[in-house]
Amino acid sequence: MRVLFCLFCLASPAAAWEASSNGPICLLSQMTDKGTVVVSHDPRNALPYAIQLSRQSEIWNDAPMFALQFDGPGRITITTERHQLADNNAELIVTDRGFDNVLRGLEANFVALAVLGNQSLVIPLNGAAPEVAKFRSCATGAGA
């Protein structure tokens, strides 16, 4: 199953990761034909880190547990019950004080799978590592 999952990801069009900033807000984003991922850091918020996930043509149906599964050399699965749906269920959002596990997963793996109930979003991680480094630098105040 994992081999089929990886082959599916390799067959998908490549999407570029991009780190940027907008004032004090640091952003790390990727848009594919399947959906959009935006990781942000806003030091003005009590929970400064957020990840927003949108699926291209479908809304999210709420479920009690959200999981982000990373596959590759740094395999890790992160779960939370503290997710929220916004924009009429078009966006799934998770906020926290830190995102070290998420950032390590993005930079050290080949693909991620966002899972909410029986729905998922495949997140290719090609080229993510250098952009994650830029995002970390921005979020720690070392540069944009």
# chains A, B, ... in the order shown; residues from 1 in each chain; ligands from 1
>>> residues_around(residues="region 19-32 of chain A", least_positions_apart="6", cutoff="7 Å", atoms="only C-alpha atoms", output="ChimeraX atom specification")
/A:38-42,131,134-135,138-139,144
>>> select_by_dssp(residues="chain A", states="strand (DSSP E)", output="JSON, numbers by chain")
{"A": [17, 18, 19, 20, 21, 22, 25, 26, 27, 28, 29, 30, 31, 35, 36, 37, 38, 39, 40, 41, 49, 50, 51, 52, 53, 54, 55, 66, 67, 68, 69, 70, 71, 76, 77, 78, 79, 80, 83, 84, 85, 86, 91, 92, 93, 94, 95, 96, 111, 112, 113, 114, 115, 116, 119, 120, 121, 122, 123, 124]}
>>> write_last_selection(atoms="C-alpha atoms", output="PDB file, in the first residue's frame")
ATOM      1  CA  TRP A  17       7.050  25.084  -1.907  1.00  0.00           C
ATOM      2  CA  GLU A  18       7.570  28.763  -1.147  1.00  0.00           C
ATOM      3  CA  ALA A  19       8.641  30.580   2.015  1.00  0.00           C
ATOM      4  CA  SER A  20       7.716  34.236   2.289  1.00  0.00           C
ATOM      5  CA  SER A  21       6.785  36.892   4.798  1.00  0.00           C
ATOM      6  CA  ASN A  22       4.147  39.562   5.115  1.00  0.00           C
ATOM      7  CA  ILE A  25       3.939  36.905   9.532  1.00  0.00           C
ATOM      8  CA  CYS A  26       6.104  34.108   8.095  1.00  0.00           C
ATOM      9  CA  LEU A  27       4.519  31.818   5.508  1.00  0.00           C
ATOM     10  CA  LEU A  28       5.357  28.458   3.978  1.00  0.00           C
ATOM     11  CA  SER A  29       3.008  27.350   1.233  1.00  0.00           C
ATOM     12  CA  GLN A  30       2.357  24.920  -1.557  1.00  0.00           C
ATOM     13  CA  MET A  31      -0.492  24.695  -4.056  1.00  0.00           C
ATOM     14  CA  GLY A  35      -5.156  21.284  -2.624  1.00  0.00           C
ATOM     15  CA  THR A  36      -3.294  23.991  -0.776  1.00  0.00           C
ATOM     16  CA  VAL A  37      -1.126  23.917   2.356  1.00  0.00           C
ATOM     17  CA  VAL A  38      -0.152  27.074   4.227  1.00  0.00           C
ATOM     18  CA  VAL A  39       1.976  27.010   7.374  1.00  0.00           C
ATOM     19  CA  SER A  40       2.198  30.346   9.141  1.00  0.00           C
ATOM     20  CA  HIS A  41       3.902  31.930  12.121  1.00  0.00           C
ATOM     21  CA  TYR A  49       1.874  28.590  14.490  1.00  0.00           C
ATOM     22  CA  ALA A  50      -0.927  27.465  12.193  1.00  0.00           C
ATOM     23  CA  ILE A  51      -1.394  25.060   9.320  1.00  0.00           C
ATOM     24  CA  GLN A  52      -4.289  25.529   6.905  1.00  0.00           C
ATOM     25  CA  LEU A  53      -5.254  22.748   4.517  1.00  0.00           C
ATOM     26  CA  SER A  54      -7.731  23.120   1.657  1.00  0.00           C
ATOM     27  CA  ARG A  55      -8.759  20.433  -0.792  1.00  0.00           C
ATOM     28  CA  PHE A  66      -6.915  14.875  12.570  1.00  0.00           C
ATOM     29  CA  ALA A  67      -3.650  13.184  11.564  1.00  0.00           C
ATOM     30  CA  LEU A  68      -0.672  14.323   9.546  1.00  0.00           C
ATOM     31  CA  GLN A  69       1.308  11.278   8.394  1.00  0.00           C
ATOM     32  CA  PHE A  70       4.806  11.804   6.992  1.00  0.00           C
ATOM     33  CA  ASP A  71       6.398   9.046   4.914  1.00  0.00           C
ATOM     34  CA  ILE A  76       6.254  10.410  11.856  1.00  0.00           C
ATOM     35  CA  THR A  77       2.518  10.684  12.489  1.00  0.00           C
ATOM     36  CA  ILE A  78       1.113  13.676  14.354  1.00  0.00           C
ATOM     37  CA  THR A  79      -2.465  13.623  15.655  1.00  0.00           C
ATOM     38  CA  THR A  80      -4.681  16.181  17.332  1.00  0.00           C
ATOM     39  CA  HIS A  83      -8.389  21.081  14.693  1.00  0.00           C
ATOM     40  CA  GLN A  84     -11.032  23.488  13.410  1.00  0.00           C
ATOM     41  CA  LEU A  85     -12.946  23.815  10.177  1.00  0.00           C
ATOM     42  CA  ALA A  86     -13.431  27.279   8.673  1.00  0.00           C
ATOM     43  CA  GLU A  91     -10.292  24.884   5.319  1.00  0.00           C
ATOM     44  CA  LEU A  92      -8.955  22.659   8.042  1.00  0.00           C
ATOM     45  CA  ILE A  93      -6.853  24.622  10.555  1.00  0.00           C
ATOM     46  CA  VAL A  94      -4.603  23.544  13.420  1.00  0.00           C
ATOM     47  CA  THR A  95      -2.868  26.074  15.687  1.00  0.00           C
ATOM     48  CA  ASP A  96      -0.224  25.559  18.357  1.00  0.00           C
ATOM     49  CA  VAL A 111       5.214  12.868   1.112  1.00  0.00           C
ATOM     50  CA  ALA A 112       2.648  13.716   3.764  1.00  0.00           C
ATOM     51  CA  LEU A 113      -0.953  12.655   4.057  1.00  0.00           C
ATOM     52  CA  ALA A 114      -3.440  14.870   5.912  1.00  0.00           C
ATOM     53  CA  VAL A 115      -6.266  12.674   7.203  1.00  0.00           C
ATOM     54  CA  LEU A 116      -9.595  13.723   8.711  1.00  0.00           C
ATOM     55  CA  GLN A 119     -10.935  12.104   3.835  1.00  0.00           C
ATOM     56  CA  SER A 120      -7.354  12.888   2.956  1.00  0.00           C
ATOM     57  CA  LEU A 121      -5.060  15.274   1.131  1.00  0.00           C
ATOM     58  CA  VAL A 122      -1.774  14.110  -0.389  1.00  0.00           C
ATOM     59  CA  ILE A 123       1.026  16.628   0.178  1.00  0.00           C
ATOM     60  CA  PRO A 124       4.144  16.160  -1.990  1.00  0.00           C
TER      61      PRO A 124
END
>>> atom_distance(atom1="CA of Asn126 (chain A)", atom2="CA of Asn101 (chain A)")
17.8 Å
>>> select_by_dssp(residues="region 4-144 of chain A", states="alpha helix (DSSP H)", output="PDB file with N, CA and C atoms, in the first residue's frame")
ATOM      1  N   LEU A   4       2.284   1.940  -3.430  1.00  0.00           N
ATOM      2  CA  LEU A   4       1.290   2.535  -4.321  1.00  0.00           C
ATOM      3  C   LEU A   4       1.085   4.009  -3.997  1.00  0.00           C
ATOM      4  N   PHE A   5       1.057   4.333  -2.716  1.00  0.00           N
ATOM      5  CA  PHE A   5       0.892   5.712  -2.279  1.00  0.00           C
ATOM      6  C   PHE A   5       2.044   6.572  -2.801  1.00  0.00           C
ATOM      7  N   CYS A   6       3.276   6.088  -2.670  1.00  0.00           N
ATOM      8  CA  CYS A   6       4.442   6.833  -3.147  1.00  0.00           C
ATOM      9  C   CYS A   6       4.437   6.958  -4.673  1.00  0.00           C
ATOM     10  N   LEU A   7       4.053   5.887  -5.368  1.00  0.00           N
ATOM     11  CA  LEU A   7       3.978   5.959  -6.826  1.00  0.00           C
ATOM     12  C   LEU A   7       2.935   6.975  -7.273  1.00  0.00           C
ATOM     13  N   PHE A   8       1.810   7.014  -6.576  1.00  0.00           N
ATOM     14  CA  PHE A   8       0.775   7.997  -6.890  1.00  0.00           C
ATOM     15  C   PHE A   8       1.335   9.412  -6.746  1.00  0.00           C
ATOM     16  N   CYS A   9       2.102   9.632  -5.688  1.00  0.00           N
ATOM     17  CA  CYS A   9       2.664  10.960  -5.450  1.00  0.00           C
ATOM     18  C   CYS A   9       3.690  11.336  -6.510  1.00  0.00           C
ATOM     19  N   LEU A  10       4.474  10.382  -6.938  1.00  0.00           N
ATOM     20  CA  LEU A  10       5.472  10.659  -7.964  1.00  0.00           C
ATOM     21  C   LEU A  10       4.813  10.958  -9.301  1.00  0.00           C
ATOM     22  N   ALA A  11       3.637  10.396  -9.526  1.00  0.00           N
ATOM     23  CA  ALA A  11       2.937  10.616 -10.788  1.00  0.00           C
ATOM     24  C   ALA A  11       2.195  11.954 -10.809  1.00  0.00           C
ATOM     25  N   ASP A 100       7.557  22.207  15.670  1.00  0.00           N
ATOM     26  CA  ASP A 100       8.817  21.559  15.336  1.00  0.00           C
ATOM     27  C   ASP A 100       8.610  20.209  14.667  1.00  0.00           C
ATOM     28  N   ASN A 101       7.685  19.389  15.182  1.00  0.00           N
ATOM     29  CA  ASN A 101       7.425  18.082  14.562  1.00  0.00           C
ATOM     30  C   ASN A 101       6.889  18.232  13.143  1.00  0.00           C
ATOM     31  N   VAL A 102       6.013  19.197  12.926  1.00  0.00           N
ATOM     32  CA  VAL A 102       5.468  19.436  11.587  1.00  0.00           C
ATOM     33  C   VAL A 102       6.587  19.864  10.644  1.00  0.00           C
ATOM     34  N   LEU A 103       7.403  20.814  11.074  1.00  0.00           N
ATOM     35  CA  LEU A 103       8.479  21.314  10.218  1.00  0.00           C
ATOM     36  C   LEU A 103       9.510  20.216   9.930  1.00  0.00           C
ATOM     37  N   ARG A 104       9.855  19.421  10.943  1.00  0.00           N
ATOM     38  CA  ARG A 104      10.775  18.296  10.709  1.00  0.00           C
ATOM     39  C   ARG A 104      10.177  17.303   9.733  1.00  0.00           C
ATOM     40  N   GLY A 105       8.882  17.039   9.851  1.00  0.00           N
ATOM     41  CA  GLY A 105       8.207  16.131   8.927  1.00  0.00           C
ATOM     42  C   GLY A 105       8.232  16.653   7.502  1.00  0.00           C
ATOM     43  N   LEU A 106       7.994  17.948   7.330  1.00  0.00           N
ATOM     44  CA  LEU A 106       7.997  18.545   5.991  1.00  0.00           C
ATOM     45  C   LEU A 106       9.374  18.486   5.341  1.00  0.00           C
ATOM     46  N   GLU A 107      10.429  18.721   6.128  1.00  0.00           N
ATOM     47  CA  GLU A 107      11.765  18.798   5.533  1.00  0.00           C
ATOM     48  C   GLU A 107      12.459  17.455   5.386  1.00  0.00           C
ATOM     49  N   ALA A 108      12.019  16.424   6.099  1.00  0.00           N
ATOM     50  CA  ALA A 108      12.770  15.169   6.125  1.00  0.00           C
ATOM     51  C   ALA A 108      12.083  14.003   5.424  1.00  0.00           C
ATOM     52  N   ALA A 128      10.722  20.837  -0.368  1.00  0.00           N
ATOM     53  CA  ALA A 128      10.242  21.522   0.838  1.00  0.00           C
ATOM     54  C   ALA A 128      11.375  21.923   1.778  1.00  0.00           C
ATOM     55  N   ALA A 129      12.414  21.095   1.898  1.00  0.00           N
ATOM     56  CA  ALA A 129      13.455  21.311   2.916  1.00  0.00           C
ATOM     57  C   ALA A 129      14.090  22.704   2.867  1.00  0.00           C
ATOM     58  N   PRO A 130      14.562  23.208   1.713  1.00  0.00           N
ATOM     59  CA  PRO A 130      15.171  24.538   1.723  1.00  0.00           C
ATOM     60  C   PRO A 130      14.176  25.646   2.090  1.00  0.00           C
ATOM     61  N   GLU A 131      12.928  25.463   1.713  1.00  0.00           N
ATOM     62  CA  GLU A 131      11.910  26.471   2.040  1.00  0.00           C
ATOM     63  C   GLU A 131      11.541  26.411   3.524  1.00  0.00           C
ATOM     64  N   VAL A 132      11.552  25.205   4.114  1.00  0.00           N
ATOM     65  CA  VAL A 132      11.330  25.070   5.550  1.00  0.00           C
ATOM     66  C   VAL A 132      12.452  25.781   6.305  1.00  0.00           C
ATOM     67  N   ALA A 133      13.685  25.665   5.833  1.00  0.00           N
ATOM     68  CA  ALA A 133      14.815  26.356   6.474  1.00  0.00           C
ATOM     69  C   ALA A 133      14.599  27.872   6.441  1.00  0.00           C
ATOM     70  N   LYS A 134      14.127  28.394   5.321  1.00  0.00           N
ATOM     71  CA  LYS A 134      13.837  29.835   5.219  1.00  0.00           C
ATOM     72  C   LYS A 134      12.710  30.220   6.184  1.00  0.00           C
ATOM     73  N   PHE A 135      11.685  29.380   6.257  1.00  0.00           N
ATOM     74  CA  PHE A 135      10.565  29.639   7.159  1.00  0.00           C
ATOM     75  C   PHE A 135      11.039  29.654   8.608  1.00  0.00           C
ATOM     76  N   ARG A 136      11.870  28.674   8.996  1.00  0.00           N
ATOM     77  CA  ARG A 136      12.396  28.623  10.362  1.00  0.00           C
ATOM     78  C   ARG A 136      13.185  29.884  10.675  1.00  0.00           C
ATOM     79  N   SER A 137      14.015  30.319   9.740  1.00  0.00           N
ATOM     80  CA  SER A 137      14.819  31.520   9.911  1.00  0.00           C
ATOM     81  C   SER A 137      13.922  32.741  10.140  1.00  0.00           C
ATOM     82  N   CYS A 138      12.876  32.841   9.349  1.00  0.00           N
ATOM     83  CA  CYS A 138      11.924  33.949   9.476  1.00  0.00           C
ATOM     84  C   CYS A 138      11.220  33.881  10.836  1.00  0.00           C
ATOM     85  N   ALA A 139      10.736  32.704  11.212  1.00  0.00           N
ATOM     86  CA  ALA A 139       9.961  32.553  12.436  1.00  0.00           C
ATOM     87  C   ALA A 139      10.796  32.796  13.689  1.00  0.00           C
TER      88      ALA A 139
END
>>> closest_residue(among="A:Gly117, A:Glu58, A:Asn109, A:Arg97", to="Glu81 (chain A)", atoms="only C-alpha atoms")
A:Gly117
>>> closest_residue(among="A:Ile59, A:Leu125, A:Ala16, A:Ala90", to="Phe110 (chain A)", atoms="only C-alpha atoms")
A:Leu125
>>> atom_distance(atom1="CA of Pro64 (chain A)", atom2="CA of Asn88 (chain A)")
17.4 Å
